[in-house]
Amino acid sequence: MPWDNARPSTDRIYNTPGHKRARAALLAAFTPGDPCCLCGHPMWPLPNGKASNLHADHIPGTDQYRGLAHGSPCPTCGRRCNQHDGAVRGRAKQDEAPSRWIL
């Protein structure tokens with residue numbers, strides 16, 4: 001049986017009007033130094049004023065958002081909090097899934 005690499009395209013998820021509106025609302029309410037919704041450390045936009053390093057973090061299993069999280073390394077803990085959280089959740093799903101190998 002071939003390995004299934006199918007997964008949703010990020011364009012279908014992140015380029016939707018709903019996601020863009022939700023992220024814009026979170027950024028509008030953001031004040032530099034607000035805490036990351038995952039690690040609690042302060043977040044700062046990039047020096048050029050762009051907020052591309054701040055990610056809208058999803059509530060797992062829903063299309064709702066918890067808040068903004070570090071997308072670039074946190075100056076305090078060094079994690080890219082949003083990517084780290086997704087990686088931990090993805091790995092947990094892999095560990096729960098039945099093995100694809102037949103021994």
# chains A, B, ... in the order shown; residues from 1 in each chain; ligands from 1
>>> select_by_dssp(residues="chain A", states="strand (DSSP E or B)", output="ChimeraX atom specification")
/A:35,42,54-58,65-70
>>> write_last_selection(atoms="N, CA and C atoms", output="PDB file, in the first residue's frame")
ATOM      1  N   PRO A  35       1.229  39.134  25.539  1.00  0.00           N
ATOM      2  CA  PRO A  35       1.769  37.784  25.680  1.00  0.00           C
ATOM      3  C   PRO A  35       1.329  36.838  24.560  1.00  0.00           C
ATOM      4  N   PRO A  42       6.278  37.897  26.069  1.00  0.00           N
ATOM      5  CA  PRO A  42       5.874  39.037  25.240  1.00  0.00           C
ATOM      6  C   PRO A  42       6.205  38.832  23.764  1.00  0.00           C
ATOM      7  N   LEU A  54       3.870  37.049  13.679  1.00  0.00           N
ATOM      8  CA  LEU A  54       2.819  36.747  14.641  1.00  0.00           C
ATOM      9  C   LEU A  54       1.766  35.903  13.932  1.00  0.00           C
ATOM     10  N   HIS A  55       1.504  34.718  14.458  1.00  0.00           N
ATOM     11  CA  HIS A  55       0.574  33.790  13.823  1.00  0.00           C
ATOM     12  C   HIS A  55      -0.735  33.701  14.596  1.00  0.00           C
ATOM     13  N   ALA A  56      -1.835  33.534  13.877  1.00  0.00           N
ATOM     14  CA  ALA A  56      -3.140  33.303  14.496  1.00  0.00           C
ATOM     15  C   ALA A  56      -3.211  31.823  14.864  1.00  0.00           C
ATOM     16  N   ASP A  57      -3.257  31.528  16.152  1.00  0.00           N
ATOM     17  CA  ASP A  57      -3.238  30.141  16.623  1.00  0.00           C
ATOM     18  C   ASP A  57      -4.651  29.592  16.752  1.00  0.00           C
ATOM     19  N   HIS A  58      -4.896  28.416  16.151  1.00  0.00           N
ATOM     20  CA  HIS A  58      -6.209  27.774  16.185  1.00  0.00           C
ATOM     21  C   HIS A  58      -6.464  27.046  17.499  1.00  0.00           C
ATOM     22  N   TYR A  65     -10.032  30.676  16.957  1.00  0.00           N
ATOM     23  CA  TYR A  65      -8.658  31.064  17.260  1.00  0.00           C
ATOM     24  C   TYR A  65      -8.476  31.347  18.747  1.00  0.00           C
ATOM     25  N   ARG A  66      -7.312  30.932  19.292  1.00  0.00           N
ATOM     26  CA  ARG A  66      -6.971  31.229  20.685  1.00  0.00           C
ATOM     27  C   ARG A  66      -6.418  32.632  20.813  1.00  0.00           C
ATOM     28  N   GLY A  67      -5.659  33.047  19.830  1.00  0.00           N
ATOM     29  CA  GLY A  67      -5.012  34.352  19.856  1.00  0.00           C
ATOM     30  C   GLY A  67      -3.768  34.324  19.005  1.00  0.00           C
ATOM     31  N   LEU A  68      -2.895  35.301  19.198  1.00  0.00           N
ATOM     32  CA  LEU A  68      -1.650  35.370  18.444  1.00  0.00           C
ATOM     33  C   LEU A  68      -0.552  34.610  19.165  1.00  0.00           C
ATOM     34  N   ALA A  69       0.316  33.996  18.385  1.00  0.00           N
ATOM     35  CA  ALA A  69       1.440  33.228  18.926  1.00  0.00           C
ATOM     36  C   ALA A  69       2.696  33.565  18.133  1.00  0.00           C
ATOM     37  N   HIS A  70       3.849  33.264  18.731  1.00  0.00           N
ATOM     38  CA  HIS A  70       5.121  33.488  18.049  1.00  0.00           C
ATOM     39  C   HIS A  70       5.203  32.633  16.787  1.00  0.00           C
TER      40      HIS A  70
END
>>> residues_around(residues="Cys81 of chain A", least_positions_apart="5", cutoff="9 Å", atoms="only C-alpha atoms", output="list in words")
Cys36, Cys37, Leu38, Cys39, Ala69, His70, Gly71, Ser72, Pro73, Cys74 and Gly86 of chain A
>>> write_last_selection(atoms="C-alpha atoms", output="CSV table (one decimal), in the first residue's frame")
chain,number,residue,atom,x,y,z
A,36,CYS,CA,1.9,34.8,23.3
A,37,CYS,CA,-1.2,32.7,23.7
A,38,LEU,CA,1.0,29.6,24.0
A,39,CYS,CA,4.1,30.4,26.0
A,69,ALA,CA,1.4,33.2,18.9
A,70,HIS,CA,5.1,33.5,18.0
A,71,GLY,CA,5.8,32.6,14.4
A,72,SER,CA,9.5,33.5,14.7
A,73,PRO,CA,11.7,32.4,17.6
A,74,CYS,CA,10.5,33.7,20.9
A,86,GLY,CA,1.4,22.0,15.6
>>> select_by_dssp(residues="chain A", states="helix (DSSP H, G or I)", output="PyMOL selection string")
chain A and resi 10-14+17-29+81-96
>>> atom_distance(atom1="atom CA of Thr31 of chain A", atom2="atom CA of Pro17 of chain A")
23.4 Å
>>> residues_around(residues="His19 of chain A", least_positions_apart="2", cutoff="12 Å", atoms="only C-alpha atoms", output="number ranges by chain")
A: 10-17, 21-26, 55-58, 63-65
>>> atom_distance(atom1="atom CA of Met43 of chain A", atom2="atom CA of Gly18 of chain A")
23.7 Å
>>> atom_distance(atom1="atom CA of His41 of chain A", atom2="atom CA of Asp95 of chain A")
29.5 Å
